[in-house]
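The next block is start.cif, given as mmCIF, C-alpha atoms.
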data_protein
#
loop_
_atom_site.label_atom_id
_atom_site.label_comp_id
_atom_site.auth_asym_id
_atom_site.auth_seq_id
_atom_site.Cartn_x
_atom_site.Cartn_y
_atom_site.Cartn_z
CA MET A 1 -14.09 -10.43 -16.46
CA CYS A 2 -10.98 -12.53 -17.12
CA ARG A 3 -8.04 -12.00 -14.82
CA PRO A 4 -5.59 -9.57 -16.47
CA SER A 5 -1.88 -10.26 -16.35
CA LEU A 6 0.73 -7.97 -14.88
CA THR A 7 2.52 -6.21 -17.74
CA VAL A 8 6.16 -7.03 -18.48
CA ALA A 9 7.58 -3.63 -17.59
CA THR A 10 5.50 -3.35 -14.41
CA GLY A 11 6.76 -6.75 -13.27
CA ARG A 12 10.35 -5.80 -14.06
CA LEU A 13 10.01 -2.55 -12.13
CA ALA A 14 8.57 -4.38 -9.12
CA GLY A 15 11.44 -6.86 -9.23
CA HIS A 16 13.99 -4.08 -9.44
CA LEU A 17 12.50 -2.23 -6.47
CA ARG A 18 12.33 -5.45 -4.46
CA GLY A 19 15.92 -6.55 -4.92
CA ARG A 20 18.19 -3.96 -6.56
CA ALA A 21 16.90 -0.41 -6.29
CA THR A 22 18.96 2.12 -4.39
CA CYS A 23 17.32 4.26 -1.74
CA GLU A 24 17.45 7.20 -4.16
CA GLN A 25 15.65 5.20 -6.84
CA PHE A 26 12.97 4.06 -4.43
CA GLU A 27 12.51 7.65 -3.31
CA GLU A 28 12.06 8.66 -6.93
CA PHE A 29 9.46 5.93 -7.40
CA VAL A 30 7.54 7.19 -4.37
CA THR A 31 7.75 10.75 -5.69
CA LEU A 32 6.24 9.70 -9.02
CA ARG A 33 3.46 7.72 -7.38
CA SER A 34 2.53 10.59 -5.05
CA VAL A 35 0.60 12.22 -7.90
CA TYR A 36 -1.93 9.38 -7.66
CA HIS A 37 -1.63 7.87 -4.19
CA LEU A 38 -2.31 11.16 -2.39
CA ARG A 39 -5.76 11.14 -4.01
CA GLU A 40 -6.13 7.36 -4.18
CA ALA A 41 -9.72 6.18 -4.76
CA ASP A 42 -11.03 9.67 -5.52
CA PRO A 43 -11.26 9.39 -9.34
CA HIS A 44 -13.06 6.04 -9.14
CA THR A 45 -15.55 7.35 -6.58
CA TRP A 46 -17.08 9.53 -9.29
CA ALA A 47 -18.72 6.38 -10.66
CA ILE A 48 -20.83 5.70 -7.55
CA PRO A 49 -23.81 7.99 -8.38
CA ARG A 50 -23.72 6.76 -11.97
CA LEU A 51 -24.31 3.11 -11.11
CA ALA A 52 -27.17 1.09 -9.68
CA GLY A 53 -27.78 -2.24 -8.01
CA ARG A 54 -25.09 -4.82 -7.37
CA ALA A 55 -22.37 -3.01 -9.32
CA LYS A 56 -22.89 0.12 -7.23
CA ALA A 57 -22.84 -1.83 -3.96
CA ALA A 58 -19.61 -3.58 -4.99
CA LEU A 59 -17.89 -0.32 -5.85
CA VAL A 60 -18.94 1.17 -2.52
CA GLU A 61 -17.54 -1.88 -0.73
CA ILE A 62 -14.18 -1.44 -2.43
CA GLN A 63 -14.08 2.30 -1.86
CA ALA A 64 -15.00 1.96 1.80
CA ASP A 65 -11.80 -0.02 2.31
CA GLU A 66 -9.82 2.54 0.31
CA TYR A 67 -11.08 5.24 2.67
CA GLY A 68 -10.14 3.26 5.75
CA GLY A 69 -13.62 2.14 6.75
CA GLY A 70 -14.26 5.59 8.19
CA VAL A 71 -11.01 5.74 10.17
CA ALA A 72 -8.97 8.65 8.86
CA SER A 73 -5.59 7.19 9.80
CA ARG A 74 -6.40 4.01 7.82
CA MET A 75 -7.24 5.80 4.60
CA HIS A 76 -4.85 4.65 1.91
CA GLN A 77 -4.07 8.27 1.10
CA GLU A 78 -2.98 8.77 4.71
CA LEU A 79 -0.94 5.55 4.78
CA PHE A 80 0.99 6.77 1.76
CA LYS A 81 1.84 9.98 3.61
CA GLN A 82 3.71 7.80 6.10
CA THR A 83 5.89 6.50 3.25
CA LEU A 84 6.52 10.04 2.04
CA ARG A 85 7.36 11.10 5.59
CA TRP A 86 9.97 8.35 5.94
CA PHE A 87 11.73 9.66 2.85
CA GLY A 88 11.40 13.26 4.02
CA LEU A 89 9.24 14.15 1.02
CA ASP A 90 6.47 16.72 0.63
CA GLN A 91 3.09 15.26 1.63
CA THR A 92 1.06 17.96 -0.11
CA TYR A 93 -1.15 16.69 -2.93
CA GLY A 94 0.34 17.83 -6.23
CA GLY A 95 3.60 18.80 -4.57
CA TYR A 96 5.61 17.03 -7.26
CA VAL A 97 3.29 17.33 -10.24
CA GLY A 98 5.76 19.72 -11.88
CA SER A 99 8.56 17.21 -11.48
CA VAL A 100 7.01 14.22 -13.24
CA GLY A 101 6.98 13.44 -16.93
CA GLY A 102 4.32 12.60 -19.49
CA PRO A 103 3.89 8.91 -18.64
CA THR A 104 3.06 9.70 -15.01
CA LEU A 105 0.61 12.42 -16.02
CA ALA A 106 -1.03 10.10 -18.54
CA VAL A 107 -1.58 7.41 -15.91
CA ASN A 108 -3.37 9.93 -13.72
CA ASN A 109 -5.20 11.88 -16.41
CA VAL A 110 -6.91 8.83 -17.86
CA MET A 111 -8.61 8.23 -14.50
CA SER A 112 -9.92 11.79 -14.46
CA LEU A 113 -10.99 11.50 -18.11
CA PHE A 114 -13.05 8.38 -17.41
CA GLY A 115 -14.37 9.66 -14.09
CA LEU A 116 -15.58 13.05 -15.28
CA HIS A 117 -17.85 11.67 -18.01
CA ARG A 118 -20.90 9.54 -17.24
CA LYS A 119 -20.66 7.87 -20.63
CA SER A 120 -17.25 6.48 -19.60
CA ARG A 121 -18.42 4.82 -16.39
CA GLY A 122 -17.80 1.35 -17.81
CA MET A 123 -14.24 2.33 -18.70
CA LEU A 124 -13.71 3.65 -15.17
CA LEU A 125 -14.89 0.36 -13.67
CA GLY A 126 -12.60 -1.62 -15.96
CA HIS A 127 -9.72 0.66 -15.03
CA LEU A 128 -10.30 0.12 -11.32
CA ALA A 129 -10.72 -3.63 -11.77
CA ALA A 130 -7.41 -3.88 -13.62
CA TYR A 131 -5.68 -2.11 -10.76
CA GLU A 132 -7.30 -4.27 -8.09
CA MET A 133 -6.59 -7.49 -9.98
CA THR A 134 -2.89 -6.87 -10.64
CA SER A 135 -1.58 -4.98 -7.63
CA SER A 136 -1.12 -7.51 -4.82
CA LEU A 137 2.13 -9.03 -6.09
CA PRO A 138 3.83 -5.73 -7.03
CA ASN A 139 2.89 -4.23 -3.67
CA ARG A 140 4.45 -7.20 -1.90
CA SER A 141 7.62 -6.50 -3.85
CA TYR A 142 7.51 -2.80 -2.99
CA ALA A 143 7.05 -3.55 0.71
CA ASN A 144 9.91 -6.05 0.77
CA GLY A 145 12.14 -3.71 -1.21
CA LEU A 146 11.51 -0.86 1.19
CA ARG A 147 12.20 -3.13 4.18
CA ARG A 148 15.46 -4.13 2.51
CA LEU A 149 16.40 -0.45 2.50
CA GLY A 150 15.55 -0.02 6.18
CA GLY A 151 11.92 1.08 5.93
CA ASP A 152 10.01 0.65 9.17
CA ALA A 153 6.46 -0.62 9.67
CA ALA A 154 4.96 2.83 9.15
CA ALA A 155 6.89 3.32 5.91
CA THR A 156 5.75 -0.01 4.45
CA ALA A 157 2.18 0.07 5.80
CA PHE A 158 0.74 1.41 2.55
CA TYR A 159 2.19 -1.43 0.49
CA ASP A 160 1.47 -4.12 3.10
CA GLU A 161 -2.16 -3.00 3.25
CA HIS A 162 -2.55 -3.40 -0.50
CA VAL A 163 -1.19 -6.94 -0.52
CA GLU A 164 -4.15 -8.10 1.58
CA ALA A 165 -6.84 -5.62 0.55
CA ASP A 166 -6.41 -5.98 -3.19
CA ALA A 167 -6.46 -9.77 -2.99
CA VAL A 168 -9.99 -9.42 -1.62
CA HIS A 169 -10.95 -6.57 -3.92
CA GLU A 170 -9.93 -8.60 -6.96
CA GLN A 171 -12.91 -10.89 -6.70
CA ILE A 172 -15.34 -8.10 -5.85
CA ALA A 173 -14.13 -5.96 -8.74
CA ALA A 174 -14.20 -8.72 -11.34
CA HIS A 175 -17.47 -10.44 -10.52
CA ASP A 176 -19.68 -8.25 -8.34
CA MET A 177 -18.76 -4.92 -9.89
CA CYS A 178 -17.74 -5.45 -13.53
CA GLY A 179 -19.70 -8.66 -14.07
CA SER A 180 -22.89 -7.19 -12.67
CA PHE A 181 -22.42 -3.99 -14.64
CA ALA A 182 -21.97 -5.92 -17.89
CA VAL A 183 -25.16 -7.88 -17.23
CA ALA A 184 -27.12 -4.72 -16.41
CA GLU A 185 -25.72 -2.68 -19.31
CA PRO A 186 -24.45 -5.18 -21.90
CA GLU A 187 -23.96 -2.48 -24.50
CA LEU A 188 -21.16 -1.08 -22.33
CA ALA A 189 -19.38 -4.37 -21.60
CA GLY A 190 -16.74 -3.53 -24.20
CA ASP A 191 -16.05 -0.27 -22.39
CA VAL A 192 -15.09 -2.23 -19.28
CA LEU A 193 -12.45 -4.15 -21.20
CA PHE A 194 -11.23 -0.97 -22.89
CA GLY A 195 -10.76 0.74 -19.52
CA ALA A 196 -8.82 -2.22 -18.18
CA ARG A 197 -6.58 -2.28 -21.23
CA CYS A 198 -5.92 1.44 -20.92
CA ALA A 199 -4.87 1.00 -17.28
CA LEU A 200 -2.46 -1.81 -18.10
CA ALA A 201 -1.05 -0.21 -21.25
CA LEU A 202 -0.32 3.12 -19.56
CA ASP A 203 1.19 1.45 -16.50
CA ASN A 204 3.47 -0.53 -18.81
CA VAL A 205 4.62 2.64 -20.59
CA TRP A 206 5.12 4.35 -17.24
CA ALA A 207 7.17 1.51 -15.74
CA ALA A 208 9.26 1.16 -18.91
CA SER A 209 10.07 4.88 -18.89
CA ILE A 210 11.40 4.62 -15.34
CA LEU A 211 13.51 1.57 -16.04
CA ASP A 212 14.88 3.09 -19.27
CA ALA A 213 15.98 6.18 -17.36
CA TRP A 214 17.60 4.21 -14.55
CA ASN A 215 19.34 1.86 -16.98
CA ALA A 216 20.76 4.93 -18.70
CA GLY A 217 22.05 6.22 -15.38
CA ARG A 218 19.66 9.17 -15.12
CA SER A 219 16.56 10.18 -13.21
CA SER A 220 13.09 9.71 -14.66
CA LEU A 221 12.01 12.99 -13.09
CA ARG A 222 11.94 16.11 -15.24
CA ALA A 223 15.35 17.78 -15.14
CA GLY A 224 15.49 21.14 -13.45
CA ASP A 225 11.95 21.02 -12.06
CA CYS A 226 12.77 19.93 -8.54
CA GLU A 227 15.51 19.84 -5.98
CA PRO A 228 17.74 16.73 -5.87
CA LEU A 229 16.18 13.97 -3.80
CA HIS A 230 17.89 12.63 -0.71
CA ALA A 231 16.66 9.55 1.12
CA GLY A 232 15.71 9.80 4.75
#
Written as structure tokens, that's how I'd like the structure from this file.
Amino acid sequence: MCRPSLTVATGRLAGHLRGRATCEQFEEFVTLRSVYHLREADPHTWAIPRLAGRAKAALVEIQADEYGGGVASRMHQELFKQTLRWFGLDQTYGGYVGSVGGPTLAVNNVMSLFGLHRKSRGMLLGHLAAYEMTSSLPNRSYANGLRRLGGDAAATAFYDEHVEADAVHEQIAAHDMCGSFAVAEPELAGDVLFGARCALALDNVWAASILDAWNAGRSSLRAGDCEPLHAG
């Protein structure tokens, strides 16, 4: 699988959060991402019983890291709660689902769509690979941006963890997981690429929607669906 490129809007959003975002904007970003990060890894885990051989082993290796290697406090879902806690935000899964717009829901729903159907397992693998292969640099920007705003080690731990973990996962996802899957089931190789393209396209729409709102001087959250956010 060729290395996908970070989309333009996603790169611009990462740059904004790193160097220019206000604390309120960063809090809004965290609120939007809570819809996924509080269940991080779960949608992709559905593929495990639907795979075999090397591709299955590679996915398990990636997911084991996502779940903290069996240590609850190291689960990525739990690390993200520390970021939410620093901002004084609700740590309950789905706590802000009524406050986010269509682009955020689409990003999350496509994972469930792929994960719930065995026939879409190739798409789910491509989706995961695209995430693993494009996330290290943005997460470095997020971590540095949050430190710029006063975030402590606990607040930035989620992003710092992804800088290192996803650099390793990139190779596993591309070659051991997707490559092996395409060799074993060549008729589904195109599905892998489709899933990756869906992940990147939806993330680009999502990031662009946030930047458009902020550039217009408004929130990207749905008006009237939540209390005003205040940074901790």
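Picked by the PyMOL selection byres ((chain A and resi 42) around 10) from the coordinates shown: Tyr36, His37, Leu38, Arg39, Glu40, Ala41, Pro43, His44, Thr45, Trp46, Ala47, Gln63, Glu66, Tyr67, Gln77, Met111, Ser112 and Gly115 of chain A.
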What is the atom CA of A:Asn144 to atom CA of A:Ile210 distance in Å?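 Those two atoms sit 19.4 Å apart.
Interatomic distance, atom CA of A:Arg20 against atom CA of A:Arg147: 12.3 Å.
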When you draw a straight line from atom CA of A:Ser219 to atom CA of A:Glu28, how long is it in Å?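 Atom CA of A:Glu28 lies 7.9 Å from atom CA of A:Ser219.
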Residues picked by the PyMOL selection byres ((chain A and resi 29-34) around 8) here, as a PyMOL selection string? chain A and resi 25-28+35-38+80+83-84+89+93-94+96+100+104+221
Neighbour list for A:Gly145 as a PDB file with C-alpha atoms, in the coordinates of the input, cut-off 10 Å, all atoms listed in the file, skip fewer than 3 positions in-chain:
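Wrote out12.pdb, looks like this:
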ATOM      1  CA  ALA A  14       8.570  -4.380  -9.120  1.00  0.00           C
ATOM      2  CA  GLY A  15      11.440  -6.860  -9.230  1.00  0.00           C
ATOM      3  CA  HIS A  16      13.990  -4.080  -9.440  1.00  0.00           C
ATOM      4  CA  LEU A  17      12.500  -2.230  -6.470  1.00  0.00           C
ATOM      5  CA  ARG A  18      12.330  -5.450  -4.460  1.00  0.00           C
ATOM      6  CA  GLY A  19      15.920  -6.550  -4.920  1.00  0.00           C
ATOM      7  CA  ARG A  20      18.190  -3.960  -6.560  1.00  0.00           C
ATOM      8  CA  ALA A  21      16.900  -0.410  -6.290  1.00  0.00           C
ATOM      9  CA  THR A  22      18.960   2.120  -4.390  1.00  0.00           C
ATOM     10  CA  CYS A  23      17.320   4.260  -1.740  1.00  0.00           C
ATOM     11  CA  PHE A  26      12.970   4.060  -4.430  1.00  0.00           C
ATOM     12  CA  ASN A 139       2.890  -4.230  -3.670  1.00  0.00           C
ATOM     13  CA  ARG A 140       4.450  -7.200  -1.900  1.00  0.00           C
ATOM     14  CA  SER A 141       7.620  -6.500  -3.850  1.00  0.00           C
ATOM     15  CA  TYR A 142       7.510  -2.800  -2.990  1.00  0.00           C
ATOM     16  CA  ARG A 148      15.460  -4.130   2.510  1.00  0.00           C
ATOM     17  CA  LEU A 149      16.400  -0.450   2.500  1.00  0.00           C
ATOM     18  CA  GLY A 150      15.550  -0.020   6.180  1.00  0.00           C
ATOM     19  CA  GLY A 151      11.920   1.080   5.930  1.00  0.00           C
ATOM     20  CA  THR A 156       5.750  -0.010   4.450  1.00  0.00           C
TER      21      THR A 156
END
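Counting all atoms listed in the file and comparing A:Leu116, A:Leu105, A:Ala155, A:Ala130, the residue that lies closest to A:Phe87 is A:Ala155.
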What would the selection look like, as a list in words, if the PyMOL selection byres ((chain A and resi 195) around 10) were run on the coordinates I just shared?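 So the PyMOL selection byres ((chain A and resi 195) around 10) ends up selecting Val110, Met111, Phe114, Ser120, Arg121, Gly122, Met123, Leu124, Leu125, Gly126, His127, Leu128, Ala129, Ala130, Gly190, Asp191, Val192, Leu193, Phe194, Ala196, Arg197, Cys198, Ala199, Leu200 and Ala201 of chain A.
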Within 7 Å of (-0.4, -11.6, -4.0) in the file's own coordinates, which protein, DNA or RNA residues have an atom, counting all atoms listed in the file? List them as a JSON list (two decimals) with C-alpha atoms, in the frame of the given file.
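To be explicit, this is the file written out as result.json:
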[["chain", "number", "residue", "atom", "x", "y", "z"],
["A", 136, "SER", "CA", -1.12, -7.51, -4.82],
["A", 137, "LEU", "CA", 2.13, -9.03, -6.09],
["A", 140, "ARG", "CA", 4.45, -7.20, -1.90],
["A", 163, "VAL", "CA", -1.19, -6.94, -0.52],
["A", 167, "ALA", "CA", -6.46, -9.77, -2.99]]
For A:Ala207, which residue out of A:Ala72, A:Val8, A:Val183, A:Cys178 is the nearest one, using all atoms listed in the file? A:Val8
Considering all atoms listed in the file, state which residue in the set A:Arg222, A:His175, A:His162, A:His76 is at the smallest distance from A:Ala55.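 Distance minimum relative to A:Ala55 lands on A:His175.
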For stretch 157-174 of chain A, I'd like the enclosing box, axis-aligned and padded by 8 Å on every side, reported as AutoDock Vina command-line options with centre and edge lengths in Å to one decimal.
--center_x -6.6 --center_y -4.7 --center_z -2.8 --size_x 33.5 --size_y 28.3 --size_z 33.1
What's the 12 Å shell around A:Ala208, counting all atoms listed in the file, without same-chain residues fewer than 5 positions away, as number ranges by chain? A: 7-14, 16, 103-104, 201-203, 213-215, 220
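With only C-alpha atoms as the atoms that count, the residue of A:Gly102, A:Leu51, A:Val60, A:Gln91 with the shortest distance to A:Phe181 is A:Leu51.
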Could you check the closest approach to A:Asp152 for each of A:Arg85, A:Met75, A:Met133, A:His117 and tell me which residue wins, using only C-alpha atoms?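 Using only C-alpha atoms, the shortest distance to A:Asp152 belongs to A:Arg85.
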